[in-house]
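Trainee: One file is attached below, start_36.csv, containing CSV, N, CA and C atoms.
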```
chain,number,residue,atom,x,y,z
K,1,MET,N,0.1,16.4,-1.5
K,1,MET,CA,0.8,15.5,-2.4
K,1,MET,C,1.2,16.3,-3.7
K,2,LYS,N,2.4,16.2,-4.1
K,2,LYS,CA,2.9,16.9,-5.3
K,2,LYS,C,3.9,16.0,-6.0
K,3,ILE,N,3.6,15.8,-7.3
K,3,ILE,CA,4.5,15.0,-8.1
K,3,ILE,C,4.9,15.9,-9.3
K,4,GLU,N,6.2,16.1,-9.5
K,4,GLU,CA,6.7,16.9,-10.6
K,4,GLU,C,6.5,16.1,-11.9
K,5,GLN,N,6.3,16.8,-13.0
K,5,GLN,CA,6.2,16.2,-14.3
K,5,GLN,C,7.6,15.7,-14.7
K,6,GLN,N,7.5,14.4,-15.2
K,6,GLN,CA,8.8,13.8,-15.6
K,6,GLN,C,8.5,12.8,-16.7
K,7,GLY,N,9.1,13.1,-17.9
K,7,GLY,CA,8.9,12.2,-19.0
K,7,GLY,C,7.5,12.0,-19.4
K,8,SER,N,7.0,10.7,-19.2
K,8,SER,CA,5.7,10.3,-19.6
K,8,SER,C,4.7,10.5,-18.4
K,9,LYS,N,5.1,11.1,-17.3
K,9,LYS,CA,4.2,11.3,-16.2
K,9,LYS,C,3.9,12.8,-16.0
K,10,PRO,N,2.6,13.1,-15.7
K,10,PRO,CA,2.2,14.5,-15.6
K,10,PRO,C,2.5,15.1,-14.2
K,11,TYR,N,2.5,16.4,-14.2
K,11,TYR,CA,2.5,17.1,-12.9
K,11,TYR,C,1.2,16.9,-12.2
K,12,ILE,N,1.3,16.5,-10.9
K,12,ILE,CA,0.1,16.3,-10.1
K,12,ILE,C,0.3,17.1,-8.8
K,13,HIS,N,-0.7,17.9,-8.4
K,13,HIS,CA,-0.7,18.6,-7.1
K,13,HIS,C,-2.1,18.4,-6.5
K,14,LEU,N,-2.1,17.8,-5.4
K,14,LEU,CA,-3.3,17.6,-4.6
K,14,LEU,C,-3.2,18.6,-3.4
K,15,ASP,N,-3.9,19.7,-3.5
K,15,ASP,CA,-3.9,20.7,-2.4
K,15,ASP,C,-5.1,20.4,-1.5
K,16,GLU,N,-4.8,19.7,-0.5
K,16,GLU,CA,-5.9,19.2,0.4
K,16,GLU,C,-6.5,20.4,1.2
K,17,ASP,N,-5.7,21.4,1.5
K,17,ASP,CA,-6.3,22.5,2.3
K,17,ASP,C,-7.3,23.3,1.5
K,18,ASN,N,-7.1,23.4,0.2
K,18,ASN,CA,-8.1,24.2,-0.6
K,18,ASN,C,-8.9,23.3,-1.5
K,19,CYS,N,-8.8,22.0,-1.4
K,19,CYS,CA,-9.6,21.0,-2.1
K,19,CYS,C,-9.4,21.2,-3.6
K,20,ILE,N,-8.2,21.3,-4.1
K,20,ILE,CA,-7.9,21.4,-5.5
K,20,ILE,C,-6.9,20.3,-6.0
K,21,LEU,N,-7.3,19.6,-7.0
K,21,LEU,CA,-6.5,18.6,-7.7
K,21,LEU,C,-6.1,19.1,-9.0
K,22,THR,N,-4.8,19.2,-9.3
K,22,THR,CA,-4.3,19.6,-10.6
K,22,THR,C,-3.5,18.5,-11.3
K,23,ILE,N,-3.9,18.2,-12.5
K,23,ILE,CA,-3.1,17.2,-13.3
K,23,ILE,C,-2.8,17.9,-14.6
K,24,LYS,N,-1.5,18.0,-14.9
K,24,LYS,CA,-1.1,18.9,-16.1
K,24,LYS,C,0.0,18.2,-16.8
K,25,GLY,N,-0.1,18.3,-18.2
K,25,GLY,CA,1.0,17.8,-19.0
K,25,GLY,C,0.6,16.5,-19.8
K,26,ALA,N,1.6,15.7,-20.1
K,26,ALA,CA,1.4,14.5,-20.8
K,26,ALA,C,1.4,13.3,-19.9
K,27,SER,N,0.5,12.4,-20.2
K,27,SER,CA,0.4,11.2,-19.3
K,27,SER,C,0.3,10.0,-20.2
K,28,TYR,N,1.4,9.2,-20.2
K,28,TYR,CA,1.4,8.0,-20.9
K,28,TYR,C,2.5,7.0,-20.3
K,29,PRO,N,2.4,6.9,-19.0
K,29,PRO,CA,3.4,6.0,-18.3
K,29,PRO,C,3.1,4.6,-18.7
K,30,GLU,N,4.2,3.8,-18.7
K,30,GLU,CA,4.1,2.4,-19.1
K,30,GLU,C,3.1,1.6,-18.3
K,31,HIS,N,3.1,1.9,-17.0
K,31,HIS,CA,2.1,1.3,-16.1
K,31,HIS,C,1.3,2.3,-15.4
K,32,ALA,N,0.3,2.9,-16.1
K,32,ALA,CA,-0.5,4.0,-15.6
K,32,ALA,C,-1.2,3.6,-14.3
K,33,GLY,N,-1.7,2.3,-14.2
K,33,GLY,CA,-2.4,1.9,-13.0
K,33,GLY,C,-1.5,2.0,-11.8
K,34,ASN,N,-0.2,1.6,-12.0
K,34,ASN,CA,0.8,1.7,-10.8
K,34,ASN,C,1.0,3.2,-10.5
K,35,PHE,N,1.1,4.1,-11.5
K,35,PHE,CA,1.3,5.5,-11.2
K,35,PHE,C,0.1,6.1,-10.5
K,36,TYR,N,-1.1,5.9,-11.1
K,36,TYR,CA,-2.3,6.6,-10.5
K,36,TYR,C,-2.8,5.9,-9.3
K,37,GLY,N,-2.5,4.6,-9.0
K,37,GLY,CA,-3.0,3.8,-7.9
K,37,GLY,C,-2.8,4.5,-6.6
K,38,PRO,N,-1.6,5.0,-6.2
K,38,PRO,CA,-1.4,5.6,-4.9
K,38,PRO,C,-2.1,7.0,-4.8
K,39,ILE,N,-2.3,7.6,-6.0
K,39,ILE,CA,-3.0,8.9,-6.0
K,39,ILE,C,-4.5,8.6,-5.6
K,40,MET,N,-5.0,7.6,-6.3
K,40,MET,CA,-6.4,7.2,-6.0
K,40,MET,C,-6.6,6.8,-4.6
K,41,GLU,N,-5.6,6.0,-4.0
K,41,GLU,CA,-5.7,5.6,-2.6
K,41,GLU,C,-5.7,6.8,-1.7
K,42,HIS,N,-4.9,7.8,-2.0
K,42,HIS,CA,-4.8,9.0,-1.2
K,42,HIS,C,-6.1,9.8,-1.2
K,43,ILE,N,-6.7,9.9,-2.4
K,43,ILE,CA,-8.0,10.5,-2.6
K,43,ILE,C,-9.1,9.8,-1.8
K,44,ASN,N,-9.1,8.5,-1.9
K,44,ASN,CA,-10.1,7.7,-1.1
K,44,ASN,C,-9.9,7.9,0.4
K,45,GLU,N,-8.7,8.1,0.9
K,45,GLU,CA,-8.5,8.3,2.3
K,45,GLU,C,-9.0,9.7,2.7
K,46,CYS,N,-8.9,10.7,1.8
K,46,CYS,CA,-9.3,12.1,2.1
K,46,CYS,C,-10.8,12.3,1.9
K,47,LEU,N,-11.4,11.4,1.1
K,47,LEU,CA,-12.8,11.6,0.8
K,47,LEU,C,-13.8,11.9,1.9
K,48,PRO,N,-13.7,11.1,3.0
K,48,PRO,CA,-14.6,11.3,4.1
K,48,PRO,C,-14.4,12.7,4.7
K,49,LYS,N,-13.2,13.3,4.7
K,49,LYS,CA,-13.0,14.6,5.3
K,49,LYS,C,-13.4,15.7,4.4
K,50,ILE,N,-13.6,15.5,3.1
K,50,ILE,CA,-13.9,16.6,2.1
K,50,ILE,C,-15.3,16.5,1.5
K,51,LYS,N,-16.0,15.5,1.9
K,51,LYS,CA,-17.3,15.2,1.3
K,51,LYS,C,-18.3,16.5,1.3
K,52,GLU,N,-18.2,17.3,2.3
K,52,GLU,CA,-19.1,18.5,2.4
K,52,GLU,C,-18.5,19.7,1.7
K,53,ASN,N,-17.3,19.6,1.1
K,53,ASN,CA,-16.6,20.7,0.5
K,53,ASN,C,-16.9,20.8,-1.0
K,54,LYS,N,-16.5,22.0,-1.5
K,54,LYS,CA,-16.4,22.2,-3.0
K,54,LYS,C,-15.0,21.7,-3.4
K,55,VAL,N,-14.9,20.9,-4.4
K,55,VAL,CA,-13.6,20.4,-4.9
K,55,VAL,C,-13.5,20.8,-6.3
K,56,THR,N,-12.3,21.3,-6.6
K,56,THR,CA,-12.0,21.7,-8.0
K,56,THR,C,-10.9,20.8,-8.6
K,57,ILE,N,-11.1,20.4,-9.8
K,57,ILE,CA,-10.1,19.6,-10.5
K,57,ILE,C,-9.7,20.4,-11.7
K,58,ASN,N,-8.4,20.6,-11.9
K,58,ASN,CA,-7.9,21.3,-13.0
K,58,ASN,C,-7.2,20.2,-13.9
K,59,LEU,N,-7.7,20.0,-15.1
K,59,LEU,CA,-7.1,19.1,-16.0
K,59,LEU,C,-6.6,19.8,-17.2
K,60,ALA,N,-5.3,19.8,-17.4
K,60,ALA,CA,-4.6,20.5,-18.5
K,60,ALA,C,-3.7,19.5,-19.2
K,61,MET,N,-4.2,18.7,-20.0
K,61,MET,CA,-3.5,17.6,-20.6
K,61,MET,C,-3.0,17.9,-22.1
K,62,THR,N,-1.8,17.6,-22.3
K,62,THR,CA,-1.3,17.8,-23.7
K,62,THR,C,-1.4,16.5,-24.4
K,63,LEU,N,-1.4,15.4,-23.7
K,63,LEU,CA,-1.4,14.0,-24.3
K,63,LEU,C,-1.9,13.1,-23.2
K,64,MET,N,-2.7,12.1,-23.5
K,64,MET,CA,-3.2,11.1,-22.6
K,64,MET,C,-3.3,9.8,-23.4
K,65,ASN,N,-2.7,8.7,-22.9
K,65,ASN,CA,-3.0,7.4,-23.5
K,65,ASN,C,-4.3,6.9,-22.9
K,66,SER,N,-4.9,5.9,-23.4
K,66,SER,CA,-6.2,5.4,-23.0
K,66,SER,C,-6.2,4.9,-21.6
K,67,VAL,N,-5.1,4.3,-21.1
K,67,VAL,CA,-5.1,3.8,-19.7
K,67,VAL,C,-5.0,5.0,-18.7
K,68,SER,N,-4.2,6.0,-19.1
K,68,SER,CA,-4.2,7.2,-18.2
K,68,SER,C,-5.5,7.9,-18.2
K,69,GLU,N,-6.2,7.9,-19.3
K,69,GLU,CA,-7.5,8.6,-19.4
K,69,GLU,C,-8.5,7.8,-18.5
K,70,LYS,N,-8.4,6.5,-18.5
K,70,LYS,CA,-9.3,5.7,-17.7
K,70,LYS,C,-9.0,6.0,-16.2
K,71,CYS,N,-7.8,6.0,-15.8
K,71,CYS,CA,-7.4,6.3,-14.4
K,71,CYS,C,-7.8,7.6,-14.0
K,72,ILE,N,-7.6,8.7,-14.8
K,72,ILE,CA,-7.9,10.0,-14.4
K,72,ILE,C,-9.5,10.1,-14.3
K,73,PHE,N,-10.2,9.5,-15.3
K,73,PHE,CA,-11.6,9.6,-15.2
K,73,PHE,C,-12.2,8.9,-14.0
K,74,GLN,N,-11.5,7.8,-13.5
K,74,GLN,CA,-12.0,7.2,-12.3
K,74,GLN,C,-11.7,8.1,-11.1
K,75,ILE,N,-10.7,8.8,-11.1
K,75,ILE,CA,-10.4,9.8,-10.0
K,75,ILE,C,-11.5,10.8,-10.0
K,76,VAL,N,-11.9,11.3,-11.1
K,76,VAL,CA,-12.9,12.3,-11.2
K,76,VAL,C,-14.3,11.7,-10.8
K,77,LYS,N,-14.6,10.5,-11.2
K,77,LYS,CA,-15.8,9.9,-10.8
K,77,LYS,C,-15.9,9.7,-9.3
K,78,THR,N,-14.8,9.3,-8.7
K,78,THR,CA,-14.7,9.1,-7.3
K,78,THR,C,-15.1,10.4,-6.6
K,79,LEU,N,-14.5,11.5,-7.1
K,79,LEU,CA,-14.7,12.8,-6.5
K,79,LEU,C,-16.1,13.4,-6.7
K,80,THR,N,-17.0,12.8,-7.5
K,80,THR,CA,-18.3,13.2,-7.7
K,80,THR,C,-19.1,13.0,-6.4
K,81,GLU,N,-18.6,12.3,-5.5
K,81,GLU,CA,-19.3,12.1,-4.2
K,81,GLU,C,-19.2,13.3,-3.3
K,82,VAL,N,-18.5,14.3,-3.6
K,82,VAL,CA,-18.4,15.5,-2.7
K,82,VAL,C,-19.6,16.4,-3.0
K,83,ASN,N,-19.8,17.4,-2.1
K,83,ASN,CA,-20.9,18.3,-2.1
K,83,ASN,C,-21.0,19.0,-3.5
K,84,GLU,N,-19.9,19.5,-3.9
K,84,GLU,CA,-19.8,20.3,-5.2
K,84,GLU,C,-18.5,20.0,-5.9
K,85,LEU,N,-18.6,19.6,-7.1
K,85,LEU,CA,-17.4,19.3,-7.9
K,85,LEU,C,-17.3,20.2,-9.2
K,86,VAL,N,-16.2,20.8,-9.3
K,86,VAL,CA,-16.0,21.6,-10.5
K,86,VAL,C,-14.8,21.1,-11.3
K,87,VAL,N,-14.9,20.8,-12.5
K,87,VAL,CA,-13.8,20.4,-13.4
K,87,VAL,C,-13.5,21.5,-14.4
K,88,ASN,N,-12.3,21.9,-14.4
K,88,ASN,CA,-11.8,22.9,-15.4
K,88,ASN,C,-10.9,22.1,-16.4
K,89,TRP,N,-11.3,22.1,-17.6
K,89,TRP,CA,-10.6,21.3,-18.6
K,89,TRP,C,-9.9,22.3,-19.5
K,90,TYR,N,-8.6,22.3,-19.5
K,90,TYR,CA,-7.8,23.2,-20.3
K,90,TYR,C,-7.3,22.5,-21.5
K,91,TYR,N,-7.4,23.1,-22.7
K,91,TYR,CA,-6.8,22.4,-23.9
K,91,TYR,C,-6.2,23.5,-24.8
K,92,GLU,N,-5.2,23.1,-25.5
K,92,GLU,CA,-4.5,24.1,-26.4
K,92,GLU,C,-5.4,24.4,-27.6
K,93,ALA,N,-5.4,25.7,-27.9
K,93,ALA,CA,-6.4,26.2,-29.0
K,93,ALA,C,-6.3,25.4,-30.3
K,94,ASP,N,-5.1,24.9,-30.6
K,94,ASP,CA,-5.0,24.1,-31.9
K,94,ASP,C,-5.1,22.6,-31.7
K,95,ASP,N,-5.6,22.2,-30.5
K,95,ASP,CA,-5.7,20.7,-30.2
K,95,ASP,C,-7.1,20.3,-30.2
K,96,GLU,N,-7.6,20.0,-31.4
K,96,GLU,CA,-9.0,19.6,-31.6
K,96,GLU,C,-9.3,18.3,-30.8
K,97,GLY,N,-8.3,17.4,-30.8
K,97,GLY,CA,-8.5,16.1,-30.1
K,97,GLY,C,-8.8,16.3,-28.6
K,98,MET,N,-8.1,17.1,-28.0
K,98,MET,CA,-8.3,17.4,-26.5
K,98,MET,C,-9.6,18.2,-26.3
K,99,GLU,N,-9.9,19.1,-27.2
K,99,GLU,CA,-11.2,19.8,-27.1
K,99,GLU,C,-12.3,18.8,-27.2
K,100,ASP,N,-12.3,17.9,-28.2
K,100,ASP,CA,-13.3,16.9,-28.4
K,100,ASP,C,-13.4,16.0,-27.2
K,101,GLU,N,-12.2,15.6,-26.6
K,101,GLU,CA,-12.2,14.8,-25.4
K,101,GLU,C,-12.9,15.5,-24.3
K,102,GLY,N,-12.7,16.8,-24.1
K,102,GLY,CA,-13.3,17.5,-23.1
K,102,GLY,C,-14.8,17.5,-23.2
K,103,ASP,N,-15.3,17.6,-24.5
K,103,ASP,CA,-16.7,17.6,-24.8
K,103,ASP,C,-17.3,16.2,-24.3
K,104,ILE,N,-16.6,15.2,-24.6
K,104,ILE,CA,-17.0,13.8,-24.2
K,104,ILE,C,-17.1,13.7,-22.7
K,105,TRP,N,-16.1,14.2,-22.0
K,105,TRP,CA,-16.1,14.1,-20.6
K,105,TRP,C,-17.3,14.9,-20.0
K,106,LYS,N,-17.4,16.1,-20.6
K,106,LYS,CA,-18.5,17.0,-20.1
K,106,LYS,C,-19.9,16.3,-20.2
K,107,SER,N,-20.1,15.6,-21.4
K,107,SER,CA,-21.4,15.0,-21.5
K,107,SER,C,-21.5,13.7,-20.6
K,108,SER,N,-20.4,13.2,-20.2
K,108,SER,CA,-20.4,12.0,-19.3
K,108,SER,C,-20.6,12.4,-17.9
K,109,LEU,N,-20.3,13.6,-17.5
K,109,LEU,CA,-20.3,14.0,-16.1
K,109,LEU,C,-21.4,15.0,-15.9
K,110,LYS,N,-22.6,14.6,-16.0
K,110,LYS,CA,-23.8,15.4,-16.0
K,110,LYS,C,-24.0,16.3,-14.8
K,111,ASN,N,-23.7,15.8,-13.6
K,111,ASN,CA,-23.9,16.5,-12.4
K,111,ASN,C,-22.7,17.2,-11.9
K,112,VAL,N,-21.8,17.5,-12.8
K,112,VAL,CA,-20.5,18.2,-12.4
K,112,VAL,C,-20.5,19.6,-13.2
K,113,LYS,N,-20.1,20.6,-12.5
K,113,LYS,CA,-19.9,21.9,-13.2
K,113,LYS,C,-18.6,21.7,-14.0
K,114,PHE,N,-18.7,21.7,-15.3
K,114,PHE,CA,-17.6,21.4,-16.2
K,114,PHE,C,-17.3,22.6,-17.1
K,115,ASN,N,-16.1,23.2,-16.9
K,115,ASN,CA,-15.7,24.4,-17.7
K,115,ASN,C,-14.6,24.0,-18.6
K,116,MET,N,-14.7,24.5,-19.8
K,116,MET,CA,-13.7,24.3,-20.8
K,116,MET,C,-13.0,25.6,-21.2
K,117,TYR,N,-11.6,25.5,-21.2
K,117,TYR,CA,-10.9,26.7,-21.5
K,117,TYR,C,-9.8,26.5,-22.6
K,118,SER,N,-9.9,27.3,-23.6
K,118,SER,CA,-8.9,27.2,-24.7
K,118,SER,C,-7.7,28.1,-24.3
K,119,VAL,N,-6.5,27.6,-24.3
K,119,VAL,CA,-5.3,28.3,-24.0
K,119,VAL,C,-4.3,28.2,-25.1
K,120,GLU,N,-3.3,29.1,-25.1
K,120,GLU,CA,-2.3,29.0,-26.2
K,120,GLU,C,-1.3,27.9,-25.9
K,121,ASP,N,-0.8,27.8,-24.7
K,121,ASP,CA,0.3,26.8,-24.3
K,121,ASP,C,0.1,26.3,-22.9
K,122,ILE,N,-0.3,25.0,-22.8
K,122,ILE,CA,-0.5,24.4,-21.5
K,122,ILE,C,0.8,24.4,-20.7
K,123,ASN,N,1.9,24.3,-21.3
K,123,ASN,CA,3.2,24.2,-20.6
K,123,ASN,C,3.5,25.4,-19.8
K,124,VAL,N,2.9,26.6,-20.2
K,124,VAL,CA,3.2,27.8,-19.4
K,124,VAL,C,2.0,28.2,-18.6
K,125,LEU,N,0.9,27.4,-18.6
K,125,LEU,CA,-0.3,27.7,-17.8
K,125,LEU,C,0.0,27.6,-16.3
K,126,GLN,N,-0.4,28.6,-15.6
K,126,GLN,CA,-0.2,28.6,-14.2
K,126,GLN,C,-1.5,28.3,-13.5
K,127,ILE,N,-1.7,27.1,-13.1
K,127,ILE,CA,-2.9,26.6,-12.3
K,127,ILE,C,-2.5,25.9,-11.1
```
Show the structure stored in the file as structure tokens.
Mentor:
Amino acid sequence: MKIEQQGSKPYIHLDEDNCILTIKGASYPEHAGNFYGPIMEHINECLPKIKENKVTINLAMTLMNSVSEKCIFQIVKTLTEVNELVVNWYYEADDEGMEDEGDIWKSSLKNVKFNMYSVEDINVLQI
């Protein structure tokens, strides 16, 4: 599953073969539940096949509204059912808000390997 970034919707790539989910960019669609709903359904369908795998989630957000954040967090929480979950949180070096948000997520996801990476420009980040 691959969705190109467009306006208020982030780039999303679900690489099922390598068990990697990448969400990158700004996320503030008018109806975030409608946007993330099919992605969540797809993950729920894949979950039985990947439960014994290591799954990596790359989150590189430049902006997230509260509804998008809730939807993305629910996706991450669903994937905590796999054998090993790694979350890579990328934030721009001058974005204290996203850095603080990463710290909050890290403290909320105790049984997850949570890595935080400061980068210069998320838009040019290759993940």
Trainee: If we count only N, CA and C atoms and set the cut-off at 6.5 Å, which residues sit around K:Pro29, ignoring sequence neighbours fewer than 2 positions away in its own chain? Please answer as a PDB file with N, CA and C atoms, in the frame of the given file.
Mentor:
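And here's around-v3.pdb as it stands now:
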```
ATOM      1  N   SER K   8       7.000  10.700 -19.200  1.00  0.00           N
ATOM      2  CA  SER K   8       5.700  10.300 -19.600  1.00  0.00           C
ATOM      3  C   SER K   8       4.700  10.500 -18.400  1.00  0.00           C
ATOM      4  N   LYS K   9       5.100  11.100 -17.300  1.00  0.00           N
ATOM      5  CA  LYS K   9       4.200  11.300 -16.200  1.00  0.00           C
ATOM      6  C   LYS K   9       3.900  12.800 -16.000  1.00  0.00           C
ATOM      7  N   SER K  27       0.500  12.400 -20.200  1.00  0.00           N
ATOM      8  CA  SER K  27       0.400  11.200 -19.300  1.00  0.00           C
ATOM      9  C   SER K  27       0.300  10.000 -20.200  1.00  0.00           C
ATOM     10  N   HIS K  31       3.100   1.900 -17.000  1.00  0.00           N
ATOM     11  CA  HIS K  31       2.100   1.300 -16.100  1.00  0.00           C
ATOM     12  C   HIS K  31       1.300   2.300 -15.400  1.00  0.00           C
ATOM     13  N   ALA K  32       0.300   2.900 -16.100  1.00  0.00           N
ATOM     14  CA  ALA K  32      -0.500   4.000 -15.600  1.00  0.00           C
ATOM     15  C   ALA K  32      -1.200   3.600 -14.300  1.00  0.00           C
TER      16      ALA K  32
END
```
Trainee: For a quick check of your reading of the model, name the residues lying within 12 Å of the coordinate (-2.8, 17.4, -23.6), counting only C-alpha atoms, and write them as an mmCIF file with N, CA and C atoms, in the frame of the given file.
Mentor:
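point.cif, written as the output of this step:
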```cif
data_model
loop_
_atom_site.group_PDB
_atom_site.id
_atom_site.type_symbol
_atom_site.label_atom_id
_atom_site.label_comp_id
_atom_site.auth_asym_id
_atom_site.auth_seq_id
_atom_site.Cartn_x
_atom_site.Cartn_y
_atom_site.Cartn_z
ATOM 1 N N SER K 8 7.000 10.700 -19.200
ATOM 2 C CA SER K 8 5.700 10.300 -19.600
ATOM 3 C C SER K 8 4.700 10.500 -18.400
ATOM 4 N N LYS K 9 5.100 11.100 -17.300
ATOM 5 C CA LYS K 9 4.200 11.300 -16.200
ATOM 6 C C LYS K 9 3.900 12.800 -16.000
ATOM 7 N N PRO K 10 2.600 13.100 -15.700
ATOM 8 C CA PRO K 10 2.200 14.500 -15.600
ATOM 9 C C PRO K 10 2.500 15.100 -14.200
ATOM 10 N N TYR K 11 2.500 16.400 -14.200
ATOM 11 C CA TYR K 11 2.500 17.100 -12.900
ATOM 12 C C TYR K 11 1.200 16.900 -12.200
ATOM 13 N N ILE K 23 -3.900 18.200 -12.500
ATOM 14 C CA ILE K 23 -3.100 17.200 -13.300
ATOM 15 C C ILE K 23 -2.800 17.900 -14.600
ATOM 16 N N LYS K 24 -1.500 18.000 -14.900
ATOM 17 C CA LYS K 24 -1.100 18.900 -16.100
ATOM 18 C C LYS K 24 0.000 18.200 -16.800
ATOM 19 N N GLY K 25 -0.100 18.300 -18.200
ATOM 20 C CA GLY K 25 1.000 17.800 -19.000
ATOM 21 C C GLY K 25 0.600 16.500 -19.800
ATOM 22 N N ALA K 26 1.600 15.700 -20.100
ATOM 23 C CA ALA K 26 1.400 14.500 -20.800
ATOM 24 C C ALA K 26 1.400 13.300 -19.900
ATOM 25 N N SER K 27 0.500 12.400 -20.200
ATOM 26 C CA SER K 27 0.400 11.200 -19.300
ATOM 27 C C SER K 27 0.300 10.000 -20.200
ATOM 28 N N TYR K 28 1.400 9.200 -20.200
ATOM 29 C CA TYR K 28 1.400 8.000 -20.900
ATOM 30 C C TYR K 28 2.500 7.000 -20.300
ATOM 31 N N LEU K 59 -7.700 20.000 -15.100
ATOM 32 C CA LEU K 59 -7.100 19.100 -16.000
ATOM 33 C C LEU K 59 -6.600 19.800 -17.200
ATOM 34 N N ALA K 60 -5.300 19.800 -17.400
ATOM 35 C CA ALA K 60 -4.600 20.500 -18.500
ATOM 36 C C ALA K 60 -3.700 19.500 -19.200
ATOM 37 N N MET K 61 -4.200 18.700 -20.000
ATOM 38 C CA MET K 61 -3.500 17.600 -20.600
ATOM 39 C C MET K 61 -3.000 17.900 -22.100
ATOM 40 N N THR K 62 -1.800 17.600 -22.300
ATOM 41 C CA THR K 62 -1.300 17.800 -23.700
ATOM 42 C C THR K 62 -1.400 16.500 -24.400
ATOM 43 N N LEU K 63 -1.400 15.400 -23.700
ATOM 44 C CA LEU K 63 -1.400 14.000 -24.300
ATOM 45 C C LEU K 63 -1.900 13.100 -23.200
ATOM 46 N N MET K 64 -2.700 12.100 -23.500
ATOM 47 C CA MET K 64 -3.200 11.100 -22.600
ATOM 48 C C MET K 64 -3.300 9.800 -23.400
ATOM 49 N N ASN K 65 -2.700 8.700 -22.900
ATOM 50 C CA ASN K 65 -3.000 7.400 -23.500
ATOM 51 C C ASN K 65 -4.300 6.900 -22.900
ATOM 52 N N SER K 68 -4.200 6.000 -19.100
ATOM 53 C CA SER K 68 -4.200 7.200 -18.200
ATOM 54 C C SER K 68 -5.500 7.900 -18.200
ATOM 55 N N GLU K 69 -6.200 7.900 -19.300
ATOM 56 C CA GLU K 69 -7.500 8.600 -19.400
ATOM 57 C C GLU K 69 -8.500 7.800 -18.500
ATOM 58 N N TRP K 89 -11.300 22.100 -17.600
ATOM 59 C CA TRP K 89 -10.600 21.300 -18.600
ATOM 60 C C TRP K 89 -9.900 22.300 -19.500
ATOM 61 N N TYR K 90 -8.600 22.300 -19.500
ATOM 62 C CA TYR K 90 -7.800 23.200 -20.300
ATOM 63 C C TYR K 90 -7.300 22.500 -21.500
ATOM 64 N N TYR K 91 -7.400 23.100 -22.700
ATOM 65 C CA TYR K 91 -6.800 22.400 -23.900
ATOM 66 C C TYR K 91 -6.200 23.500 -24.800
ATOM 67 N N GLU K 92 -5.200 23.100 -25.500
ATOM 68 C CA GLU K 92 -4.500 24.100 -26.400
ATOM 69 C C GLU K 92 -5.400 24.400 -27.600
ATOM 70 N N ALA K 93 -5.400 25.700 -27.900
ATOM 71 C CA ALA K 93 -6.400 26.200 -29.000
ATOM 72 C C ALA K 93 -6.300 25.400 -30.300
ATOM 73 N N ASP K 94 -5.100 24.900 -30.600
ATOM 74 C CA ASP K 94 -5.000 24.100 -31.900
ATOM 75 C C ASP K 94 -5.100 22.600 -31.700
ATOM 76 N N ASP K 95 -5.600 22.200 -30.500
ATOM 77 C CA ASP K 95 -5.700 20.700 -30.200
ATOM 78 C C ASP K 95 -7.100 20.300 -30.200
ATOM 79 N N GLU K 96 -7.600 20.000 -31.400
ATOM 80 C CA GLU K 96 -9.000 19.600 -31.600
ATOM 81 C C GLU K 96 -9.300 18.300 -30.800
ATOM 82 N N GLY K 97 -8.300 17.400 -30.800
ATOM 83 C CA GLY K 97 -8.500 16.100 -30.100
ATOM 84 C C GLY K 97 -8.800 16.300 -28.600
ATOM 85 N N MET K 98 -8.100 17.100 -28.000
ATOM 86 C CA MET K 98 -8.300 17.400 -26.500
ATOM 87 C C MET K 98 -9.600 18.200 -26.300
ATOM 88 N N GLU K 99 -9.900 19.100 -27.200
ATOM 89 C CA GLU K 99 -11.200 19.800 -27.100
ATOM 90 C C GLU K 99 -12.300 18.800 -27.200
ATOM 91 N N ASP K 100 -12.300 17.900 -28.200
ATOM 92 C CA ASP K 100 -13.300 16.900 -28.400
ATOM 93 C C ASP K 100 -13.400 16.000 -27.200
ATOM 94 N N GLU K 101 -12.200 15.600 -26.600
ATOM 95 C CA GLU K 101 -12.200 14.800 -25.400
ATOM 96 C C GLU K 101 -12.900 15.500 -24.300
ATOM 97 N N GLY K 102 -12.700 16.800 -24.100
ATOM 98 C CA GLY K 102 -13.300 17.500 -23.100
ATOM 99 C C GLY K 102 -14.800 17.500 -23.200
ATOM 100 N N SER K 118 -9.900 27.300 -23.600
ATOM 101 C CA SER K 118 -8.900 27.200 -24.700
ATOM 102 C C SER K 118 -7.700 28.100 -24.300
ATOM 103 N N VAL K 119 -6.500 27.600 -24.300
ATOM 104 C CA VAL K 119 -5.300 28.300 -24.000
ATOM 105 C C VAL K 119 -4.300 28.200 -25.100
ATOM 106 N N GLU K 120 -3.300 29.100 -25.100
ATOM 107 C CA GLU K 120 -2.300 29.000 -26.200
ATOM 108 C C GLU K 120 -1.300 27.900 -25.900
ATOM 109 N N ASP K 121 -0.800 27.800 -24.700
ATOM 110 C CA ASP K 121 0.300 26.800 -24.300
ATOM 111 C C ASP K 121 0.100 26.300 -22.900
ATOM 112 N N ILE K 122 -0.300 25.000 -22.800
ATOM 113 C CA ILE K 122 -0.500 24.400 -21.500
ATOM 114 C C ILE K 122 0.800 24.400 -20.700
ATOM 115 N N ASN K 123 1.900 24.300 -21.300
ATOM 116 C CA ASN K 123 3.200 24.200 -20.600
ATOM 117 C C ASN K 123 3.500 25.400 -19.800
#
```
Trainee: Tell me which protein, DNA and RNA residues are within 5 Å of K:Asn83, counting all atoms listed in the file, leaving out same-chain ones fewer than 4 positions away, and put them as JSON, numbers by chain.
Mentor: {"K": [51, 52, 53]}
Trainee: What lies within 9 Å of stretch 71-76 of chain K using only C-alpha atoms, ignoring chain neighbours under 6 positions off, as a list in words?
Mentor: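 Surrounding residues, per the criterion: Ile23, Ala32, Gly33, Tyr36, Gly37, Ile39, Met40, Ile43, Ile57, Leu85, Val87 and Trp105 of chain K.
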Trainee: For the atom pair atom CA of K:Lys54 and atom CA of K:Val86, what is the interatomic distance in Å to one decimal place?
Mentor: 7.5 Å
Trainee: Could you tell me how far atom CA of K:Gly7 sits from atom N of K:Val124, in Å to one decimal place?
Mentor: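 That distance, rounded to one decimal, is 15.6 Å.
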Trainee: Could you work out how far atom N of K:Glu81 lies from atom C of K:Asn44, giving the answer in Å with one decimal?
Mentor: 11.4 Å
